[in-house]
$ cat target-v1.csv   # CSV, C-alpha atoms
chain,number,residue,atom,x,y,z
A,3,MET,CA,193.7,115.6,28.6
A,4,ALA,CA,190.1,114.3,28.6
A,5,GLY,CA,189.9,114.8,24.8
A,6,ARG,CA,193.2,112.8,24.3
A,7,PHE,CA,191.9,109.9,26.4
A,8,ALA,CA,188.7,109.9,24.4
A,9,MET,CA,190.6,109.7,21.2
A,10,GLN,CA,192.7,106.8,22.6
A,11,PHE,CA,189.5,105.0,23.5
A,12,GLN,CA,188.0,105.4,20.1
A,13,SER,CA,191.2,104.1,18.4
A,14,ASN,CA,191.2,100.9,20.4
A,15,PRO,CA,188.1,100.6,22.7
A,16,ARG,CA,188.8,97.0,23.9
A,17,LEU,CA,192.3,97.8,25.0
A,18,SER,CA,191.4,101.2,26.5
A,19,ARG,CA,188.7,99.7,28.7
A,20,ALA,CA,191.6,98.5,30.9
A,21,LEU,CA,192.1,102.1,32.0
A,22,VAL,CA,188.6,103.5,32.2
A,23,CYS,CA,187.3,101.7,35.3
A,24,HIS,CA,189.2,102.4,38.5
A,25,GLN,CA,189.7,98.8,39.5
A,26,ARG,CA,191.0,98.0,36.0
A,27,TRP,CA,193.2,101.1,36.1
A,28,LEU,CA,194.8,99.8,39.3
A,29,LEU,CA,195.1,96.3,38.0
A,30,THR,CA,196.7,97.5,34.7
A,31,GLN,CA,199.2,99.8,36.5
A,32,ALA,CA,200.2,96.9,38.8
A,33,SER,CA,200.5,94.5,35.9
A,34,PHE,CA,202.7,96.9,33.9
A,35,ALA,CA,204.8,97.7,37.0
A,36,LEU,CA,205.6,94.0,37.5
A,37,TYR,CA,206.4,93.7,33.8
A,38,ALA,CA,208.5,96.8,33.7
A,39,ASP,CA,210.7,95.8,36.7
A,40,TYR,CA,211.7,92.7,35.0
A,41,ALA,CA,212.0,94.2,31.5
A,42,LEU,CA,214.3,97.0,32.8
A,43,ASP,CA,216.9,95.0,34.8
A,44,GLY,CA,215.5,91.5,35.5
A,45,SER,CA,214.4,92.4,39.0
A,46,GLY,CA,211.3,90.9,40.6
A,47,THR,CA,209.2,88.1,39.4
A,48,GLY,CA,207.9,89.9,36.3
A,49,LEU,CA,204.2,89.8,35.4
A,50,THR,CA,202.8,86.5,36.6
A,51,ALA,CA,199.2,85.8,37.7
A,52,THR,CA,200.5,84.9,41.1
A,53,SER,CA,202.6,88.1,41.6
A,54,LEU,CA,199.7,90.3,40.5
A,55,SER,CA,197.1,88.5,42.6
A,56,ASP,CA,199.4,88.6,45.7
A,57,TRP,CA,199.8,92.4,45.3
A,58,VAL,CA,196.3,93.5,44.5
A,59,ALA,CA,194.7,91.1,47.1
A,60,ALA,CA,197.0,92.5,49.8
A,61,ALA,CA,196.1,96.0,48.8
A,62,GLY,CA,192.4,95.3,48.8
A,63,ILE,CA,192.0,96.2,45.1
A,64,ALA,CA,190.6,92.9,43.9
A,65,SER,CA,190.3,89.2,44.9
A,66,ARG,CA,192.8,86.7,43.7
A,67,ASN,CA,190.1,85.2,41.4
A,68,THR,CA,189.5,88.7,39.8
A,69,ALA,CA,193.2,89.2,39.3
A,70,HIS,CA,193.6,85.8,37.6
A,71,HIS,CA,190.5,86.5,35.4
A,72,PHE,CA,192.0,89.9,34.5
A,73,VAL,CA,195.3,88.2,33.3
A,74,GLU,CA,193.3,85.6,31.4
A,75,ASN,CA,191.4,88.3,29.6
A,76,LEU,CA,194.5,90.2,28.7
A,77,ARG,CA,196.0,87.0,27.3
A,78,ALA,CA,192.8,86.0,25.4
A,79,TYR,CA,192.8,89.4,23.6
A,80,HIS,CA,196.6,89.1,22.9
A,81,PHE,CA,197.4,92.1,25.0
A,82,ILE,CA,200.0,89.9,26.7
A,83,HIS,CA,201.7,86.7,25.8
A,84,VAL,CA,203.9,84.1,27.5
A,85,ASP,CA,207.5,85.2,27.8
A,86,ALA,CA,209.6,82.8,25.7
A,87,ALA,CA,212.2,82.7,28.4
A,88,SER,CA,209.7,82.1,31.1
A,89,PRO,CA,209.9,78.9,33.2
A,90,ARG,CA,206.9,76.6,33.0
A,91,ARG,CA,205.7,77.6,36.5
A,92,PRO,CA,204.9,80.3,37.3
A,93,VAL,CA,204.3,81.5,33.8
A,94,ARG,CA,205.7,85.0,33.2
A,95,TYR,CA,204.1,87.3,30.6
A,96,ASP,CA,205.4,89.8,28.1
A,97,ILE,CA,203.2,92.5,26.7
A,98,GLY,CA,202.2,93.0,23.1
A,99,ASP,CA,203.2,95.9,20.9
A,100,GLN,CA,199.7,97.6,21.0
A,101,SER,CA,199.7,97.3,24.8
A,102,LEU,CA,203.1,99.0,25.0
A,103,ALA,CA,202.0,101.7,22.6
A,104,ALA,CA,198.9,102.4,24.7
A,105,MET,CA,201.0,102.7,27.9
A,106,HIS,CA,203.3,105.1,26.2
A,107,MET,CA,200.3,107.1,25.0
A,108,TRP,CA,198.8,107.2,28.5
A,109,PHE,CA,202.2,108.2,30.0
A,110,GLY,CA,202.7,111.0,27.4
A,111,ALA,CA,199.2,112.4,27.9
A,112,ASN,CA,199.6,112.6,31.7
A,113,LEU,CA,203.1,114.2,31.3
A,114,ALA,CA,201.6,116.7,28.9
A,115,VAL,CA,199.1,117.7,31.6
A,116,LEU,CA,201.9,118.4,34.0
A,117,ASP,CA,203.7,120.4,31.3
A,118,TYR,CA,200.6,122.5,30.7
A,119,VAL,CA,200.5,123.4,34.4
A,120,ASP,CA,204.1,124.5,34.8
A,121,GLY,CA,205.5,124.9,31.3
A,122,GLY,CA,207.8,121.9,31.7
A,123,ASN,CA,209.2,119.6,29.0
A,124,ARG,CA,208.4,116.1,30.5
A,125,SER,CA,206.5,114.9,27.5
A,126,GLU,CA,209.4,115.9,25.2
A,127,ARG,CA,211.9,114.1,27.5
A,128,HIS,CA,209.7,111.0,27.2
A,129,ARG,CA,209.5,111.3,23.4
A,130,VAL,CA,213.3,111.4,23.2
A,131,LYS,CA,213.9,108.7,25.9
A,132,PRO,CA,210.9,106.3,25.8
A,133,ASP,CA,212.6,104.1,28.5
A,134,LEU,CA,211.5,106.7,31.0
A,135,LEU,CA,208.2,104.9,31.1
A,136,PHE,CA,209.9,101.8,32.5
A,137,ARG,CA,211.8,103.8,35.1
A,138,VAL,CA,208.9,106.0,36.3
A,139,GLN,CA,205.9,103.8,36.0
A,140,PRO,CA,206.7,101.0,38.6
A,141,GLU,CA,207.3,103.5,41.5
A,142,PHE,CA,204.4,105.6,40.3
A,143,ALA,CA,202.1,102.6,40.4
A,144,ARG,CA,203.3,101.5,43.9
A,145,ARG,CA,202.8,104.9,45.4
A,146,CYS,CA,199.3,105.3,43.8
A,147,ILE,CA,198.2,101.9,45.1
A,148,ALA,CA,199.6,102.6,48.5
A,149,ASP,CA,197.8,106.0,48.7
A,150,THR,CA,194.4,105.4,50.3
A,151,VAL,CA,192.9,108.7,48.9
A,152,TRP,CA,193.7,107.6,45.3
A,153,ARG,CA,193.1,103.9,45.7
A,154,GLU,CA,189.7,104.4,47.4
A,155,PRO,CA,188.0,107.5,46.0
A,156,SER,CA,185.1,109.1,47.9
A,157,GLU,CA,181.6,107.7,47.4
A,158,ARG,CA,180.6,110.5,45.0
A,159,ILE,CA,183.7,110.1,42.8
A,160,GLY,CA,183.4,106.4,42.9
A,161,LEU,CA,179.9,106.5,41.4
A,162,LEU,CA,181.4,106.7,38.0
A,163,GLN,CA,185.0,105.6,38.7
A,164,TRP,CA,184.0,102.2,39.8
A,165,THR,CA,181.6,101.8,36.8
A,166,GLU,CA,183.0,100.3,33.7
A,167,CYS,CA,183.9,103.1,31.3
A,168,GLY,CA,182.4,105.6,33.8
A,169,ALA,CA,185.7,107.5,33.8
A,170,LEU,CA,185.1,108.3,30.2
A,171,VAL,CA,181.7,109.8,31.0
A,172,MET,CA,183.3,111.9,33.7
A,173,ASP,CA,186.1,113.0,31.4
A,174,HIS,CA,183.4,114.0,28.9
A,175,PHE,CA,181.7,116.1,31.5
A,176,LEU,CA,184.9,117.8,32.5
A,177,GLU,CA,185.7,118.6,28.9
A,178,LEU,CA,182.3,120.3,28.5
A,179,ALA,CA,182.5,122.0,31.9
A,180,VAL,CA,185.7,123.9,31.2
A,181,ARG,CA,183.8,125.7,28.3
A,182,ALA,CA,180.4,125.8,30.0
A,183,PRO,CA,178.8,128.8,31.7
A,184,LEU,CA,178.7,128.7,35.5
A,185,LYS,CA,175.5,129.8,37.2
A,186,ASP,CA,174.3,129.2,40.8
A,187,GLY,CA,177.0,126.7,41.5
A,188,PHE,CA,176.5,124.6,38.4
A,189,TYR,CA,178.1,124.3,35.0
A,190,ASP,CA,175.5,124.0,32.2
A,191,LEU,CA,176.7,121.2,30.0
A,192,GLY,CA,173.8,121.5,27.6
A,193,VAL,CA,171.4,118.8,26.4
A,194,LEU,CA,173.2,115.4,26.6
A,195,SER,CA,171.9,112.1,25.2
A,196,VAL,CA,172.3,109.2,27.6
A,197,PRO,CA,171.7,106.6,24.9
A,198,ALA,CA,174.4,108.3,22.7
A,199,MET,CA,176.9,108.4,25.6
A,200,ALA,CA,176.2,104.7,26.4
A,201,GLU,CA,176.7,103.8,22.8
A,202,ARG,CA,179.8,105.9,22.4
A,203,PHE,CA,181.5,104.4,25.5
A,204,LEU,CA,180.2,100.9,25.1
A,205,MET,CA,178.2,101.0,28.3
A,206,SER,CA,174.8,99.6,29.3
A,207,ARG,CA,172.2,102.4,28.7
A,208,THR,CA,170.2,101.2,31.8
A,209,HIS,CA,173.2,101.1,34.0
A,210,LEU,CA,174.4,104.5,32.9
A,211,GLN,CA,171.0,106.0,33.6
A,212,ARG,CA,170.9,104.5,37.1
A,213,THR,CA,174.4,105.8,37.8
A,214,LEU,CA,173.6,109.3,36.7
A,215,LYS,CA,170.4,109.2,38.8
A,216,LYS,CA,172.5,108.3,41.8
A,217,ALA,CA,174.9,111.1,41.0
A,218,GLU,CA,171.9,113.5,41.0
A,219,GLU,CA,170.8,112.2,44.4
A,220,LYS,CA,174.3,112.8,45.8
A,221,GLY,CA,174.4,116.4,44.4
A,222,CYS,CA,177.0,115.8,41.8
A,223,MET,CA,174.8,117.0,39.0
A,224,ALA,CA,171.2,118.2,38.3
A,225,ARG,CA,168.7,118.5,35.5
A,226,SER,CA,167.1,121.7,34.2
A,227,GLY,CA,164.0,121.9,32.1
A,228,PRO,CA,161.4,119.3,31.0
A,229,ARG,CA,162.4,115.7,31.0
A,230,ARG,CA,162.8,115.5,27.2
A,231,GLY,CA,165.5,117.9,26.2
A,232,SER,CA,166.5,118.6,29.8
A,233,ARG,CA,169.9,120.2,30.3
A,234,THR,CA,172.7,118.5,32.4
A,235,LEU,CA,174.2,120.6,35.1
A,236,LEU,CA,177.4,119.6,36.8
A,237,SER,CA,178.0,120.8,40.4
A,238,ALA,CA,181.0,123.2,40.6
A,239,GLN,CA,181.7,121.8,44.1
A,240,PHE,CA,181.8,118.2,42.7
A,241,PHE,CA,184.0,119.5,39.8
A,242,GLN,CA,186.5,120.8,42.3
A,243,GLU,CA,186.3,117.6,44.4
A,244,TYR,CA,187.0,115.5,41.3
A,245,CYS,CA,189.9,117.6,40.1
A,246,ALA,CA,191.4,117.5,43.6
A,247,TRP,CA,191.3,113.7,43.5
A,248,LEU,CA,192.9,113.7,40.0
A,249,ALA,CA,195.6,116.0,41.3
A,250,VAL,CA,196.7,113.2,43.8
A,251,LYS,CA,197.7,111.1,40.8
A,252,SER,CA,199.4,114.0,39.0
A,253,ALA,CA,201.4,114.9,42.1
A,254,VAL,CA,202.7,111.4,42.5
A,255,LEU,CA,203.7,111.2,38.8
A,256,ASP,CA,205.4,114.6,39.0
A,257,GLU,CA,207.4,113.6,42.1
A,258,VAL,CA,208.5,110.2,40.8
A,259,PHE,CA,209.3,111.6,37.3
A,260,GLU,CA,211.5,114.3,38.7
A,261,SER,CA,213.2,111.9,41.1
A,262,VAL,CA,214.0,109.5,38.3
A,263,VAL,CA,215.4,112.3,36.0
A,264,ALA,CA,217.5,113.6,38.9
A,265,LEU,CA,219.0,110.1,39.4
A,266,GLU,CA,219.5,109.7,35.7
A,267,ASN,CA,221.5,113.0,35.6
A,268,THR,CA,223.8,111.7,38.3
A,269,GLY,CA,224.4,108.5,36.4
A,270,VAL,CA,222.8,106.4,39.2
A,271,CYS,CA,220.1,104.7,37.0
A,272,SER,CA,220.7,101.4,35.4
A,273,HIS,CA,221.4,101.4,31.7
A,274,ALA,CA,220.4,97.9,31.0
A,275,GLN,CA,218.4,98.5,27.8
A,276,GLU,CA,218.4,95.1,26.0
A,277,ARG,CA,215.1,94.0,27.6
A,278,ILE,CA,213.1,97.2,26.9
A,279,LYS,CA,211.0,97.4,23.8
A,280,THR,CA,210.4,100.9,22.4
A,281,PRO,CA,207.3,101.9,20.4
A,282,ALA,CA,207.5,101.8,16.6
$ encode --input "target-v1.csv" --output "structure tokens"
Amino acid sequence: MAGRFAMQFQSNPRLSRALVCHQRWLLTQASFALYADYALDGSGTGLTATSLSDWVAAAGIASRNTAHHFVENLRAYHFIHVDAASPRRPVRYDIGDQSLAAMHMWFGANLAVLDYVDGGNRSERHRVKPDLLFRVQPEFARRCIADTVWREPSERIGLLQWTECGALVMDHFLELAVRAPLKDGFYDLGVLSVPAMAERFLMSRTHLQRTLKKAEEKGCMARSGPRRGSRTLLSAQFFQEYCAWLAVKSAVLDEVFESVVALENTGVCSHAQERIKTPA
């Protein structure tokens, strides 16, 4: 999964940055949930700056000003645009095709992880019925935002998760760790270049160095060998802690997906499709 997210980031770094900092991840999921509710069957307010700021401020995710600034950035980069049918106030937003494609890619990648674990066929179901994204994601977002463990990761996990693009660095470490030798409680990730990582993930080199130093101080990682050419060691305990935190999100997705599919099989789900865009 880490490799797939890295590929997604490289294909559209500016858009992918919305999902690689925990606060932005939460804001993005909340934004799409508001949009999807209205796109599916006209329920709710849809995505407006006010509806988003009300939600995230109440949940303690971000201030109202931060939420409004987030919406303005999405609009400035044409990731969202004013819904032609929207009243003048409050302005309701529709999402652009590249934003929708990115959400489908994110959804499919996370379903593929669940399929890998239990041999299921969720990602294939999504491929055949893309509207599952609209049926699953809003409830998924609400449960994740309501879950304190997921919404507020531990201090050690938050070191990178709250850092812009820090999640990509952690995904890179995990990708290396699954193939790395384990010795004395640490995975040997080899010689890693901080400047190269900073450039690859569009991060400040100085900030990344400071963050990794804090991670060392908290026991998340260590260094082996002389300063130049030192090897990066990832704590196996921290690796398990991080994976357990990721499992919270996966468990919510699994539960909501199966619940939606069960309702769909009984014919309970709405079949109002005219509002839903599907990826090209």
$ closest_residue --input "target-v1.csv" --among "A:Phe240, A:Lys131, A:Thr234, A:Glu126" --to "Lys215 in chain A" --atoms "only C-alpha atoms"
A:Thr234
$ residues_near_point --input "target-v1.csv" --point "(177.6, 124.6, 36.7)" --cutoff "8 Å" --atoms "all atoms listed in the file" --output "list in words"
Ala179, Ala182, Pro183, Leu184, Lys185, Asp186, Gly187, Phe188, Tyr189, Asp190, Leu191, Leu235, Leu236, Ser237 and Ala238 of chain A
$ atom_distance --input "target-v1.csv" --atom1 "CA of Arg129 in chain A" --atom2 "CA of Gly110 in chain A"
7.9 Å
$ closest_residue --input "target-v1.csv" --among "A:Gly122, A:Pro140, A:Pro92, A:Pro132" --to "Leu28 in chain A" --atoms "only C-alpha atoms"
A:Pro140
$ closest_residue --input "target-v1.csv" --among "A:Ala87, A:Met223, A:Ile63, A:Ile97" --to "Phe34 in chain A" --atoms "all atoms listed in the file"
A:Ile97
$ atom_distance --input "target-v1.csv" --atom1 "CA of Ser232 in chain A" --atom2 "CA of Met199 in chain A"
15.2 Å
$ closest_residue --input "target-v1.csv" --among "A:Ala61, A:Val115, A:Leu134, A:Leu29" --to "Leu265 in chain A" --atoms "all atoms listed in the file"
A:Leu134
$ closest_residue --input "target-v1.csv" --among "A:Ala69, A:Met172, A:Ala249, A:Leu204" --to "Thr52 in chain A" --atoms "all atoms listed in the file"
A:Ala69
$ atom_distance --input "target-v1.csv" --atom1 "CA of Val254 in chain A" --atom2 "CA of Cys146 in chain A"
7.1 Å
$ residues_around --input "target-v1.csv" --residues "Arg158 in chain A" --least-positions-apart "4" --cutoff "10 Å" --atoms "only C-alpha atoms" --output "ChimeraX atom specification"
/A:162-163,216-217,219-222,240,243-244
$ residues_around --input "target-v1.csv" --residues "Leu135 in chain A" --least-positions-apart "2" --cutoff "10 Å" --atoms "all atoms listed in the file" --output "PyMOL selection string"
chain A and resi 35+38+102+105-106+109-110+128+131-133+137-140+142+259+280
$ closest_residue --input "target-v1.csv" --among "A:His70, A:Arg144, A:Arg90, A:His209" --to "Asp56 in chain A" --atoms "only C-alpha atoms"
A:His70
$ residues_around --input "target-v1.csv" --residues "Asn112 in chain A" --least-positions-apart "3" --cutoff "9 Å" --atoms "all atoms listed in the file" --output "list in words"
Met3, Met107, Trp108, Phe109, Val115, Leu116, Asp117, Ser125, Ser252 and Leu255 of chain A
$ residues_near_point --input "target-v1.csv" --point "(183.8, 111.3, 37.6)" --cutoff "12 Å" --atoms "only C-alpha atoms" --output "ChimeraX atom specification"
/A:4,22-24,155-177,213-214,217,222-223,236-237,240-248
$ decode --input "target-v1.csv" --residues "range 251-272 of chain A" --atoms "N, CA and C atoms" --output "compact mmCIF listing (two decimals), in the first residue's frame"
# COMPACT_ATOMS: atom_id res chain seq x y z
N LYS A 251 -8.12 2.54 11.25
CA LYS A 251 -8.75 3.03 10.02
C LYS A 251 -9.23 1.87 9.15
N SER A 252 -8.40 0.85 9.01
CA SER A 252 -8.76 -0.30 8.17
C SER A 252 -9.98 -1.04 8.72
N ALA A 253 -10.06 -1.15 10.04
CA ALA A 253 -11.20 -1.83 10.66
C ALA A 253 -12.49 -1.05 10.41
N VAL A 254 -12.42 0.26 10.51
CA VAL A 254 -13.60 1.09 10.25
C VAL A 254 -14.04 0.94 8.80
N LEU A 255 -13.08 1.00 7.87
CA LEU A 255 -13.41 0.86 6.46
C LEU A 255 -14.05 -0.50 6.17
N ASP A 256 -13.48 -1.54 6.73
CA ASP A 256 -14.00 -2.89 6.52
C ASP A 256 -15.45 -2.99 7.01
N GLU A 257 -15.68 -2.51 8.22
CA GLU A 257 -17.02 -2.60 8.81
C GLU A 257 -18.05 -1.82 8.00
N VAL A 258 -17.70 -0.60 7.62
CA VAL A 258 -18.65 0.23 6.86
C VAL A 258 -18.88 -0.36 5.47
N PHE A 259 -17.82 -0.80 4.82
CA PHE A 259 -17.96 -1.38 3.47
C PHE A 259 -18.90 -2.58 3.50
N GLU A 260 -18.66 -3.50 4.43
CA GLU A 260 -19.50 -4.69 4.48
C GLU A 260 -20.94 -4.35 4.84
N SER A 261 -21.13 -3.34 5.68
CA SER A 261 -22.48 -2.91 6.05
C SER A 261 -23.22 -2.35 4.83
N VAL A 262 -22.53 -1.54 4.04
CA VAL A 262 -23.13 -0.95 2.85
C VAL A 262 -23.47 -2.03 1.83
N VAL A 263 -22.56 -2.98 1.62
CA VAL A 263 -22.80 -4.06 0.67
C VAL A 263 -23.99 -4.91 1.12
N ALA A 264 -24.08 -5.17 2.41
CA ALA A 264 -25.21 -5.96 2.94
C ALA A 264 -26.54 -5.25 2.68
N LEU A 265 -26.57 -3.94 2.91
CA LEU A 265 -27.79 -3.18 2.65
C LEU A 265 -28.12 -3.17 1.17
N GLU A 266 -27.08 -3.05 0.36
CA GLU A 266 -27.28 -3.03 -1.09
C GLU A 266 -27.87 -4.35 -1.56
N ASN A 267 -27.42 -5.45 -0.99
CA ASN A 267 -27.92 -6.77 -1.38
C ASN A 267 -29.38 -6.97 -1.00
N THR A 268 -29.84 -6.22 0.01
CA THR A 268 -31.25 -6.31 0.40
C THR A 268 -32.11 -5.29 -0.32
N GLY A 269 -31.46 -4.46 -1.15
CA GLY A 269 -32.21 -3.47 -1.90
C GLY A 269 -32.57 -2.23 -1.11
N VAL A 270 -31.95 -2.05 0.06
CA VAL A 270 -32.28 -0.92 0.92
C VAL A 270 -31.64 0.36 0.43
N CYS A 271 -30.45 0.27 -0.16
CA CYS A 271 -29.71 1.47 -0.57
C CYS A 271 -30.45 2.24 -1.65
N SER A 272 -30.30 3.54 -1.61
CA SER A 272 -30.88 4.40 -2.63
C SER A 272 -30.20 4.14 -3.97
